[in-house]
Each structure stands twice: as structure tokens, then as C-alpha cells.
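J.: I am sharing final-v5.cif, which consists of mmCIF, C-alpha atoms:
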```cif
data_query
#
loop_
_atom_site.label_atom_id
_atom_site.label_comp_id
_atom_site.auth_asym_id
_atom_site.auth_seq_id
_atom_site.Cartn_x
_atom_site.Cartn_y
_atom_site.Cartn_z
CA MET A 1477 77.18 -97.08 -31.65
CA LEU A 1478 78.03 -93.67 -30.20
CA ASN A 1479 76.92 -94.76 -26.73
CA ALA A 1480 79.15 -97.83 -26.71
CA VAL A 1481 82.12 -95.76 -27.92
CA ILE A 1482 81.51 -93.17 -25.21
CA GLN A 1483 81.50 -95.87 -22.52
CA ILE A 1484 84.82 -97.26 -23.81
CA ALA A 1485 86.30 -93.76 -23.92
CA PHE A 1486 85.16 -93.16 -20.32
CA ALA A 1487 87.06 -96.27 -19.26
CA MET A 1488 90.19 -95.19 -21.17
CA ILE A 1489 90.20 -91.72 -19.63
CA ALA A 1490 89.60 -93.14 -16.17
CA LEU A 1491 92.64 -95.39 -16.67
CA ALA A 1492 94.65 -92.37 -17.84
CA MET A 1493 93.66 -90.52 -14.68
CA VAL A 1494 94.72 -93.47 -12.50
CA LEU A 1495 98.12 -93.51 -14.24
CA SER A 1496 98.56 -89.76 -13.72
CA LEU A 1497 97.56 -90.19 -10.08
CA TYR A 1498 100.16 -92.96 -9.73
CA ARG A 1499 102.86 -90.58 -10.99
CA MET A 1500 101.63 -87.84 -8.67
CA VAL A 1501 101.82 -90.09 -5.60
CA ARG A 1502 105.05 -91.75 -6.66
CA GLY A 1503 106.99 -88.57 -7.44
CA PRO A 1504 109.98 -88.77 -7.12
CA ASP A 1505 110.41 -85.02 -7.55
CA ALA A 1506 108.23 -81.97 -7.06
CA THR A 1507 108.31 -81.24 -10.79
CA ASP A 1508 107.04 -84.77 -11.53
CA ARG A 1509 104.10 -84.17 -9.24
CA ILE A 1510 103.27 -80.83 -10.85
CA LEU A 1511 103.48 -82.42 -14.30
CA ALA A 1512 101.17 -85.21 -13.12
CA LEU A 1513 98.74 -82.64 -11.71
CA ASP A 1514 98.79 -80.77 -15.02
CA THR A 1515 98.06 -84.00 -16.89
CA LEU A 1516 95.27 -84.75 -14.45
CA TYR A 1517 93.71 -81.37 -15.22
CA ILE A 1518 93.81 -82.07 -18.95
CA ASN A 1519 92.34 -85.54 -18.39
CA THR A 1520 89.52 -83.94 -16.43
CA ILE A 1521 88.81 -81.61 -19.34
CA ALA A 1522 88.55 -84.65 -21.63
CA LEU A 1523 86.24 -86.36 -19.12
CA LEU A 1524 83.95 -83.31 -18.88
CA VAL A 1525 83.77 -82.87 -22.65
CA LEU A 1526 82.85 -86.54 -22.95
CA LEU A 1527 80.23 -86.20 -20.22
CA GLY A 1528 78.79 -83.27 -22.17
CA ILE A 1529 78.42 -85.41 -25.30
CA ASN A 1530 76.99 -88.28 -23.24
CA THR A 1531 74.26 -86.16 -21.67
CA SER A 1532 73.79 -83.85 -24.70
CA ASN A 1533 74.32 -80.90 -22.39
CA SER A 1534 76.71 -78.22 -23.56
CA ALA A 1535 76.78 -76.56 -20.12
CA TYR A 1536 79.52 -78.97 -19.02
CA PHE A 1537 81.76 -77.31 -21.53
CA GLU A 1538 81.88 -74.07 -19.56
CA SER A 1539 83.32 -75.89 -16.55
CA ALA A 1540 85.85 -77.65 -18.79
CA LEU A 1541 86.99 -74.23 -20.01
CA LEU A 1542 87.29 -72.98 -16.42
CA ILE A 1543 89.35 -76.02 -15.43
CA ALA A 1544 91.62 -75.42 -18.44
CA ILE A 1545 92.28 -71.84 -17.35
CA MET A 1546 92.68 -72.62 -13.64
CA GLY A 1547 94.88 -75.62 -14.40
CA PHE A 1548 97.22 -73.54 -16.51
CA VAL A 1549 97.44 -70.79 -13.89
CA GLY A 1550 98.03 -73.41 -11.18
CA THR A 1551 100.85 -75.08 -13.11
CA VAL A 1552 102.51 -71.74 -13.81
CA ALA A 1553 102.19 -70.63 -10.18
CA LEU A 1554 103.63 -73.91 -8.84
CA SER A 1555 106.57 -73.90 -11.27
CA LYS A 1556 107.23 -70.27 -10.46
CA TYR A 1557 107.25 -71.16 -6.77
CA LEU A 1558 109.87 -73.85 -7.37
CA LEU A 1559 111.94 -71.47 -9.46
CA ARG A 1560 111.91 -68.41 -7.23
CA GLY A 1561 110.61 -69.45 -3.83
CA ASN A 1562 107.70 -67.03 -4.12
CA ILE A 1563 104.92 -66.46 -6.60
CA ILE A 1564 104.27 -62.72 -6.61
CA GLU A 1565 107.41 -60.64 -6.69
CA MET B 367 93.01 -44.78 -37.82
CA ARG B 368 96.18 -45.67 -35.85
CA ARG B 369 94.83 -43.81 -32.83
CA PHE B 370 91.69 -45.87 -32.56
CA PHE B 371 93.13 -49.20 -33.70
CA PRO B 372 96.64 -49.42 -32.24
CA HIS B 373 96.76 -53.18 -32.85
CA PRO B 374 94.49 -54.25 -35.71
CA ALA B 375 95.45 -57.93 -35.39
CA LEU B 376 94.60 -57.90 -31.68
CA THR B 377 91.26 -56.25 -32.43
CA VAL B 378 90.38 -58.97 -34.94
CA ALA B 379 91.57 -61.70 -32.55
CA ILE B 380 89.45 -60.42 -29.63
CA PHE B 381 86.39 -60.07 -31.86
CA LEU B 382 86.75 -63.61 -33.23
CA LEU B 383 87.45 -65.05 -29.77
CA TRP B 384 84.35 -63.44 -28.24
CA MET B 385 82.20 -64.61 -31.15
CA ALA B 386 83.60 -68.13 -30.82
CA LEU B 387 83.02 -68.25 -27.05
CA ASN B 388 79.38 -67.24 -27.52
CA ASN B 389 78.81 -69.43 -30.59
CA ALA B 390 78.23 -66.31 -32.72
CA SER B 391 74.68 -66.49 -31.41
CA SER B 392 73.06 -63.05 -31.39
CA LEU B 393 73.30 -59.43 -32.48
CA ALA B 394 73.83 -58.35 -28.86
CA HIS B 395 76.99 -60.48 -28.64
CA THR B 396 78.25 -59.03 -31.93
CA VAL B 397 77.87 -55.50 -30.55
CA LEU B 398 79.57 -56.48 -27.28
CA ALA B 399 82.37 -58.16 -29.22
CA LEU B 400 82.88 -54.96 -31.23
CA ILE B 401 82.99 -52.85 -28.05
CA LEU B 402 85.52 -55.21 -26.44
CA ALA B 403 87.60 -55.53 -29.60
CA ILE B 404 87.94 -51.76 -29.90
CA GLY B 405 88.13 -50.98 -26.17
CA LEU B 406 90.62 -53.56 -24.91
CA PRO B 407 93.55 -52.66 -27.22
CA LEU B 408 93.03 -48.99 -26.34
CA LEU B 409 93.03 -49.70 -22.61
CA THR B 410 96.03 -52.05 -22.71
CA ARG B 411 98.13 -50.27 -25.37
CA ARG B 412 100.79 -49.38 -22.81
CA PHE B 413 101.54 -53.06 -22.19
CA TRP B 414 102.13 -53.97 -25.82
CA PRO B 415 105.34 -53.68 -27.80
CA GLU B 416 105.58 -50.40 -29.68
CA HIS B 417 105.37 -51.68 -33.24
CA PRO B 418 103.15 -54.66 -33.92
CA PRO B 419 105.17 -57.01 -36.16
CA SER B 420 104.09 -57.14 -39.77
CA VAL B 421 103.02 -60.61 -40.83
CA LYS B 422 103.04 -62.16 -44.29
CA LEU B 423 99.77 -64.06 -44.47
CA LEU B 424 100.47 -66.76 -47.04
CA PRO B 425 103.66 -68.23 -45.48
CA ALA B 426 101.91 -68.01 -42.09
CA ILE B 427 99.03 -70.18 -43.27
CA ARG B 428 101.48 -72.63 -44.86
CA LEU B 429 103.47 -72.88 -41.60
CA PHE B 430 100.23 -73.38 -39.64
CA CYS B 431 99.31 -76.37 -41.84
CA ILE B 432 102.83 -77.83 -41.54
CA VAL B 433 102.68 -77.52 -37.75
CA ILE B 434 99.23 -79.17 -37.49
CA TYR B 435 100.45 -82.05 -39.69
CA ASP B 436 103.63 -82.39 -37.62
CA ILE B 437 101.68 -82.42 -34.33
CA LEU B 438 99.72 -85.42 -35.64
CA LEU B 439 102.90 -87.22 -36.75
CA ALA B 440 104.66 -86.29 -33.50
CA SER B 441 101.97 -87.85 -31.37
CA ILE B 442 102.09 -91.10 -33.30
CA ASP B 443 105.90 -91.12 -32.96
CA VAL B 444 105.72 -90.52 -29.21
CA ALA B 445 103.02 -93.19 -28.94
CA LYS B 446 105.31 -95.77 -30.56
CA LEU B 447 108.20 -94.85 -28.25
CA VAL B 448 105.99 -94.90 -25.16
CA LEU B 449 104.55 -98.33 -25.87
CA GLY B 450 107.84 -99.90 -26.94
CA PRO B 451 110.68 -100.93 -24.63
CA THR B 452 111.87 -97.83 -22.74
CA LYS B 453 115.50 -98.96 -22.62
CA ARG B 454 115.94 -98.39 -26.33
CA ILE B 455 115.02 -94.67 -26.16
CA LYS B 456 118.01 -92.35 -26.47
CA PRO B 457 117.18 -88.91 -25.05
CA ALA B 458 119.55 -85.99 -25.48
CA PHE B 459 119.95 -82.28 -24.82
CA ILE B 460 120.59 -80.39 -28.04
CA GLU B 461 121.57 -76.77 -28.63
CA VAL B 462 120.18 -75.17 -31.76
CA PRO B 463 121.89 -71.93 -32.79
CA LEU B 464 119.34 -69.32 -33.93
CA ASP B 465 119.67 -66.96 -36.86
CA MET B 466 117.31 -64.30 -35.57
CA GLN B 467 117.33 -62.13 -32.48
CA ASP B 468 113.69 -61.31 -31.91
CA PRO B 469 112.24 -62.34 -28.53
CA PHE B 470 108.70 -62.71 -29.92
CA VAL B 471 109.68 -64.87 -32.89
CA GLY B 472 111.99 -66.88 -30.64
CA THR B 473 109.10 -67.59 -28.28
CA LEU B 474 106.95 -68.68 -31.21
CA LEU B 475 109.69 -71.02 -32.44
CA ALA B 476 110.14 -72.47 -28.96
CA SER B 477 106.40 -73.16 -28.69
CA ILE B 478 106.29 -74.84 -32.09
CA VAL B 479 109.32 -76.97 -31.20
CA SER B 480 107.59 -78.03 -27.98
CA LEU B 481 104.52 -79.22 -29.85
CA THR B 482 106.29 -81.09 -32.66
CA PRO B 483 108.24 -84.33 -33.18
CA GLY B 484 110.05 -85.64 -30.14
CA THR B 485 111.40 -82.29 -28.92
CA VAL B 486 110.61 -79.97 -26.00
CA SER B 487 112.27 -76.58 -25.85
CA ILE B 488 113.77 -75.79 -22.47
CA ASP B 489 115.23 -72.33 -22.73
CA ILE B 490 116.46 -69.63 -25.06
CA ASP B 491 119.87 -68.38 -24.10
CA ARG B 492 119.46 -64.66 -24.82
CA ALA B 493 123.20 -64.03 -24.53
CA ARG B 494 124.17 -66.42 -27.32
CA TRP B 495 120.78 -66.84 -29.08
CA VAL B 496 120.78 -70.58 -28.69
CA LEU B 497 117.63 -72.63 -28.30
CA GLN B 498 118.10 -75.46 -25.83
CA VAL B 499 116.02 -78.48 -26.75
CA HIS B 500 115.41 -81.84 -25.11
CA ALA B 501 114.79 -84.58 -27.67
CA LEU B 502 113.12 -87.84 -26.74
CA ASN B 503 114.89 -90.08 -29.22
CA VAL B 504 117.92 -88.92 -31.22
CA ASP B 505 119.92 -90.93 -33.71
CA ASP B 506 121.56 -87.98 -35.41
CA ARG B 507 121.97 -84.64 -33.63
CA GLU B 508 122.83 -82.74 -36.82
CA ALA B 509 119.71 -83.99 -38.57
CA THR B 510 117.49 -82.86 -35.68
CA ILE B 511 119.07 -79.40 -35.67
CA ARG B 512 118.73 -79.15 -39.45
CA ALA B 513 115.08 -80.24 -39.28
CA ILE B 514 114.22 -77.53 -36.74
CA LYS B 515 116.09 -74.86 -38.69
CA THR B 516 114.70 -75.58 -42.16
CA ARG B 517 111.20 -76.67 -41.21
CA TYR B 518 110.27 -74.00 -38.65
CA GLU B 519 112.90 -71.29 -38.39
CA GLN B 520 113.12 -70.48 -42.10
CA PRO B 521 109.33 -70.03 -42.53
CA LEU B 522 109.17 -67.94 -39.32
CA LYS B 523 111.91 -65.66 -40.63
CA GLU B 524 110.02 -65.34 -43.87
CA ILE B 525 106.72 -64.54 -42.10
CA PHE B 526 108.11 -61.84 -39.83
CA SER B 527 110.82 -60.77 -42.29
CA CYS B 528 113.65 -60.67 -39.78
CA MET C 1278 72.17 -87.54 -37.06
CA SER C 1279 73.37 -89.44 -40.10
CA ILE C 1280 75.46 -92.57 -39.81
CA TRP C 1281 78.48 -90.76 -41.28
CA THR C 1282 78.57 -87.95 -38.73
CA GLU C 1283 78.03 -90.49 -35.98
CA THR C 1284 80.97 -92.56 -37.24
CA LEU C 1285 83.14 -89.46 -37.50
CA ILE C 1286 82.29 -88.38 -33.95
CA ALA C 1287 82.85 -91.91 -32.60
CA LEU C 1288 86.22 -92.09 -34.38
CA LEU C 1289 87.34 -88.71 -33.02
CA ILE C 1290 86.29 -89.69 -29.50
CA LEU C 1291 88.21 -92.97 -29.71
CA VAL C 1292 91.33 -91.29 -31.13
CA GLY C 1293 91.09 -88.58 -28.47
CA ALA C 1294 90.68 -91.01 -25.59
CA GLY C 1295 93.47 -93.18 -27.02
CA PHE C 1296 95.96 -90.33 -27.18
CA THR C 1297 94.96 -89.10 -23.72
CA LEU C 1298 95.62 -92.60 -22.38
CA LEU C 1299 98.96 -92.80 -24.24
CA GLY C 1300 100.09 -89.52 -22.72
CA SER C 1301 99.39 -90.84 -19.24
CA ILE C 1302 101.07 -94.17 -19.99
CA GLY C 1303 104.13 -92.19 -21.03
CA LEU C 1304 103.93 -90.19 -17.83
CA ALA C 1305 103.78 -93.32 -15.71
CA ARG C 1306 106.28 -95.46 -17.64
CA LEU C 1307 109.19 -93.35 -18.87
CA PRO C 1308 112.27 -93.34 -16.64
CA ASP C 1309 113.22 -89.67 -16.19
CA PHE C 1310 111.51 -86.31 -15.88
CA PHE C 1311 112.50 -84.77 -19.21
CA MET C 1312 111.29 -87.84 -21.06
CA ARG C 1313 108.04 -87.84 -19.13
CA LEU C 1314 107.46 -84.26 -20.22
CA HIS C 1315 107.00 -85.38 -23.83
CA GLY C 1316 103.85 -87.40 -23.16
CA PRO C 1317 101.56 -84.74 -21.69
CA THR C 1318 102.77 -81.80 -23.83
CA LYS C 1319 102.11 -83.46 -27.16
CA THR C 1320 100.02 -86.57 -26.89
CA THR C 1321 97.54 -85.54 -24.21
CA THR C 1322 97.02 -82.11 -25.76
CA LEU C 1323 96.25 -83.70 -29.13
CA GLY C 1324 93.93 -86.21 -27.43
CA VAL C 1325 91.88 -83.51 -25.75
CA GLY C 1326 91.96 -81.52 -29.00
CA ALA C 1327 90.42 -84.41 -30.93
CA MET C 1328 87.80 -84.94 -28.23
CA VAL C 1329 86.86 -81.26 -28.22
CA VAL C 1330 86.49 -81.27 -32.02
CA ALA C 1331 84.16 -84.30 -31.64
CA SER C 1332 82.12 -82.27 -29.14
CA ALA C 1333 82.01 -79.29 -31.55
CA ILE C 1334 80.67 -81.50 -34.37
CA TYR C 1335 78.18 -83.21 -32.04
CA PHE C 1336 76.64 -80.00 -30.72
CA SER C 1337 76.69 -78.37 -34.16
CA VAL C 1338 74.61 -81.27 -35.48
CA THR C 1339 72.21 -81.74 -32.56
CA ASP C 1340 71.66 -78.17 -31.32
CA PRO C 1341 70.40 -75.28 -33.45
CA GLY C 1342 73.24 -73.14 -34.75
CA ILE C 1343 76.89 -74.04 -34.88
CA SER C 1344 79.02 -74.67 -31.82
CA LEU C 1345 82.22 -72.66 -31.95
CA HIS C 1346 83.40 -72.20 -28.38
CA GLU C 1347 85.13 -75.58 -28.51
CA ILE C 1348 87.54 -74.16 -31.06
CA ALA C 1349 88.51 -71.41 -28.62
CA ALA C 1350 89.23 -74.02 -25.93
CA THR C 1351 91.39 -76.09 -28.32
CA MET C 1352 93.42 -73.02 -29.25
CA PHE C 1353 93.84 -72.21 -25.56
CA LEU C 1354 95.13 -75.72 -24.81
CA PHE C 1355 97.58 -75.68 -27.71
CA ILE C 1356 98.91 -72.26 -26.72
CA THR C 1357 99.31 -73.07 -23.01
CA ALA C 1358 100.82 -76.57 -23.28
CA PRO C 1359 104.31 -75.40 -24.45
CA VAL C 1360 104.33 -72.61 -21.86
CA SER C 1361 103.71 -74.91 -18.90
CA ALA C 1362 106.19 -77.45 -20.32
CA HIS C 1363 108.81 -74.74 -20.59
CA LEU C 1364 108.25 -73.52 -17.03
CA LEU C 1365 108.36 -77.07 -15.64
CA CYS C 1366 111.63 -77.68 -17.50
CA LYS C 1367 113.16 -74.57 -16.00
CA ALA C 1368 111.96 -75.57 -12.53
CA ALA C 1369 113.41 -79.09 -12.96
CA LEU C 1370 116.79 -77.73 -14.08
CA HIS C 1371 116.75 -75.27 -11.19
CA ILE C 1372 116.12 -78.04 -8.66
CA ALA C 1373 118.76 -80.29 -10.23
CA HIS C 1374 121.41 -77.57 -10.08
CA LYS C 1375 120.69 -76.39 -6.56
CA PRO C 1376 123.62 -77.55 -4.38
CA ASP C 1377 121.65 -77.94 -1.13
CA SER C 1378 118.90 -79.90 -2.83
CA GLU C 1379 117.72 -83.11 -1.22
CA SER C 1380 116.11 -84.30 -4.42
CA ASP C 1381 117.50 -86.70 -6.98
CA PRO C 1382 120.02 -84.79 -9.14
CA LYS C 1383 118.87 -86.66 -12.22
CA GLY C 1384 115.69 -84.57 -12.03
#
```
Represent the structure from my file as C-alpha cells, please.
T.:
Amino acid sequence: MLNAVIQIAFAMIALAMVLSLYRMVRGPDATDRILALDTLYINTIALLVLLGINTSNSAYFESALLIAIMGFVGTVALSKYLLRGNIIE
Amino acid sequence: MRRFFPHPALTVAIFLLWMALNNASSLAHTVLALILAIGLPLLTRRFWPEHPPSVKLLPAIRLFCIVIYDILLASIDVAKLVLGPTKRIKPAFIEVPLDMQDPFVGTLLASIVSLTPGTVSIDIDRARWVLQVHALNVDDREATIRAIKTRYEQPLKEIFSC
Amino acid sequence: MSIWTETLIALLILVGAGFTLLGSIGLARLPDFFMRLHGPTKTTTLGVGAMVVASAIYFSVTDPGISLHEIAATMFLFITAPVSAHLLCKAALHIAHKPDSESDPKG
């Protein structure tokens, strides 16, 4: 049962990533693209956690954690750039 | 005591976080967690506000449960709106006047508002102490303001006694 | 693994994937930026949260010892989601109010 559910969940997350990618390509504004990128990061975390359960390997989780941290820093840096024109003041 | 533990809550938080990250696996990690939990607040004490706010534990736990419950409800609400016809959604910018003037508690309130039903906080106007909120679907502005004030602001004021 | 834990994990995974998908549908479908912001901040965060809890239960049951680092990640996600939403909002308002902006003033 768990295997079937994991396959379905993989498909759902892949669809979610395609939708986020659509918004990132489509825009229309820089903030929309950053928001889409942020969502894409979070979708990737979900995908990695799921992959970890699928392969019974908890090592994937470490990379999910790293992506979470880097994604947050990236979103903050990009928004800050839009707000101020530079990142480090 | 104060000299070695300038921020007891921070010490406990670092210890628990380190134990959680390492699955509370071995004695070595416990010792390392203790060293970090005592060392980091001492090294970073200059960056922290002078007086750590005193927290009432029981109302804090109650608010935590309310917020978790509301996050669940909020997501179902947003799900309904997202899947339904988008033309019927009535978004609005709302200004919620705040009763307290504490930057830390204000930040906490803004974060809670962002995570709960149909509202994202945009900014706190520090000149007027007004929380600017964007709501996804509003029928009654007054009701939304009242909900934020009674459900989250009152408990927060009680927790931090301000 | 008993049938009950397996059902619980399967349910959490489905709920998590469902909410993640809903967040992205919101992102793709809703008409303006501030409305789009609602999907990822709430729905997607909850979706990943549910999925991570499923992972915590799974590894607690299958591996020796309990698996706690998932909880730390969930807390991190729930703390950072409002912060990035807030910064994006400010950036959007800033762009919308800039007079020499080429972008759509609706944001």
C-alpha cells in the first residue's frame, strides 16, 4: 500500500513543481518569479523527503534541510535586492 | 547564575535543537549540545535584547494549540478558494490597530497572522502601531479585525504581560 | 510495520502531497500577486510539514531509535515561511510604488 501511495504522491509533487515552474516562466513580475522559486524550493524538500521514505534512506533528509536553509536565504537575498538595490549594506 | 546563563530560554532551545538534529543519539552529542547551549548565548550576548521577555507558560501552550488548529483550518479554507471560481474571491487590504508597542511581540503576531486563516501580514507601521494585513477573501472587515485581535493579540498580551 | 502505522504514514503522505499541489495550483491560478502569496505561505508549508511528520514516523518505526531531526526541519519551515512572505510583500509594494517602474502597477 505504502509503495502505491508514494508513487501517487511523487506524481502530485511533480505536477506541483510544473505549476510553480509555469508561474516562474510566466511572471509577470519579479516578485512573482521569486515567489515561484521559493515554492519550487519547498516542493523540492517534499520530493526529497518522499524519496527518503521510498528508499528507506534517511541521508536524503540532510540535503532537504540544506535546501530549506539555502532556499530561505536565497528568497530573503532576492527580496532584499528588489527592495534596496543591493544585498549587503 | 545570570552571568553564565544570560538567556536561559535560548540555552534550552539550542540544547533541544542540537539533540533533535542528531536524533538524541549518543552521550557525545549530549555533551556537545551542553557545550553549545552554554557557549553560544555567552558569545552572542551582545546581539540580544537586554532583558529577555518573561513568558507565561500555560497561555503560551494554549496559544500554540490554537495556532496549530487554525493553520489546519486555514489551509482547508485556502484550498476551497483556490479550487473554486477565482472571480468570486474578494481580496482586501486591512489595517488592524495594535494595542501593544513591543517590536518582538508585534513580529510574533505578524508571523501568526501570516500562517492563519486567509491573511498575510504585510507590514507593521511603527509610527502608528498598525498591522497591515492582506486578506484573501473578506466579507466583513470588522469581523476579520476582531478575529485577529481577540484570537491572537489578547493571548499574546497575556503571555508577555504587556 | 503494523498495518495501522502504515495507514497513518500513507495518509500523511497523501495529505502532504495534496496540500503541496494545492499551494502550487493557487500560485498558478490566482489572478494577482498578493492573492498568490496565500497559497505557498500556508498550504505548501502545511503540506511539507505533514510529509516531514510522515518521514519522522517512518524512520522512527523502521530504524533503531527515534527520528527527531524532522521536527527541527518542520519548525524551521514554519518560522521562515511568514518571514519570506513578509519580505516579498514589501518588495512587491516597493515595485508597485516606484514611479519609474516598467512593471505592472497592480503588482
J.: For atom CA of C:Ala1358 and atom CA of B:Thr452, determine how far apart the two atoms are, in Å to one decimal place.
T.: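 We find that atom CA of C:Ala1358 and atom CA of B:Thr452 lie 24.0 Å from each other.
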J.: Please return, as number ranges by chain, all residues of chain B lying within 9 Å of chain C when all atoms listed in the file are considered.
T.: B: 383-391, 437-438, 440-442, 444-445, 447-449, 452-453, 457, 476-489, 500-502
J.: Taking the file as shown, what set of residues would the PyMOL selection byres ((chain C and resi 1334) around 12) give back, as a ChimeraX atom specification?
T.: /A:1529,1534 /C:1278,1281-1290,1327-1333,1335-1340,1342-1348
J.: For the file shown, report as an MDAnalysis selection string the outcome of the PyMOL selection byres ((chain A) within 8 of (chain C)) at residue level.
T.: chainID A and resid 1477:1478 1481:1482 1485:1486 1488:1489 1491:1493 1495:1496 1498:1499 1504:1505 1507:1508 1510:1512 1515 1518:1519 1521:1522 1525:1526 1528:1529 1532 1534 1537 1541 1544 1548 1551:1552 1555:1556 1558:1559
J.: I'd like to see the residues matched by the PyMOL selection byres ((chain B and resi 420-429) around 6) on this file, and ideally I'd get them as a PyMOL selection string.
T.: chain B and resi 419+430-432+525-526
J.: Mind pulling up the distance from atom CA of B:Leu474 to atom CA of B:Gln520?
T.: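 Here the two named atoms are 12.6 Å from each other.
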J.: Do a neighbour search on B:Thr510 at 9 Å with all atoms listed in the file, toss out local chain neighbours closer than 5 positions, and write the hits as a PyMOL selection string.
T.: chain B and resi 460+501+504-505+515
J.: In Å, how far is it from atom CA of B:Gln467 to atom CA of B:Arg492?
T.: 8.3 Å
J.: Taking 5 positions as the minimum chain separation for residues in the same chain, which residues sit within 6 Å of stretch 396-412 of chain B when counting only C-alpha atoms? Answer as a list in words.
T.: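 Final neighbour list, sorted by chain and number: Thr377, Ile380, Phe381 and Trp384 of chain B.
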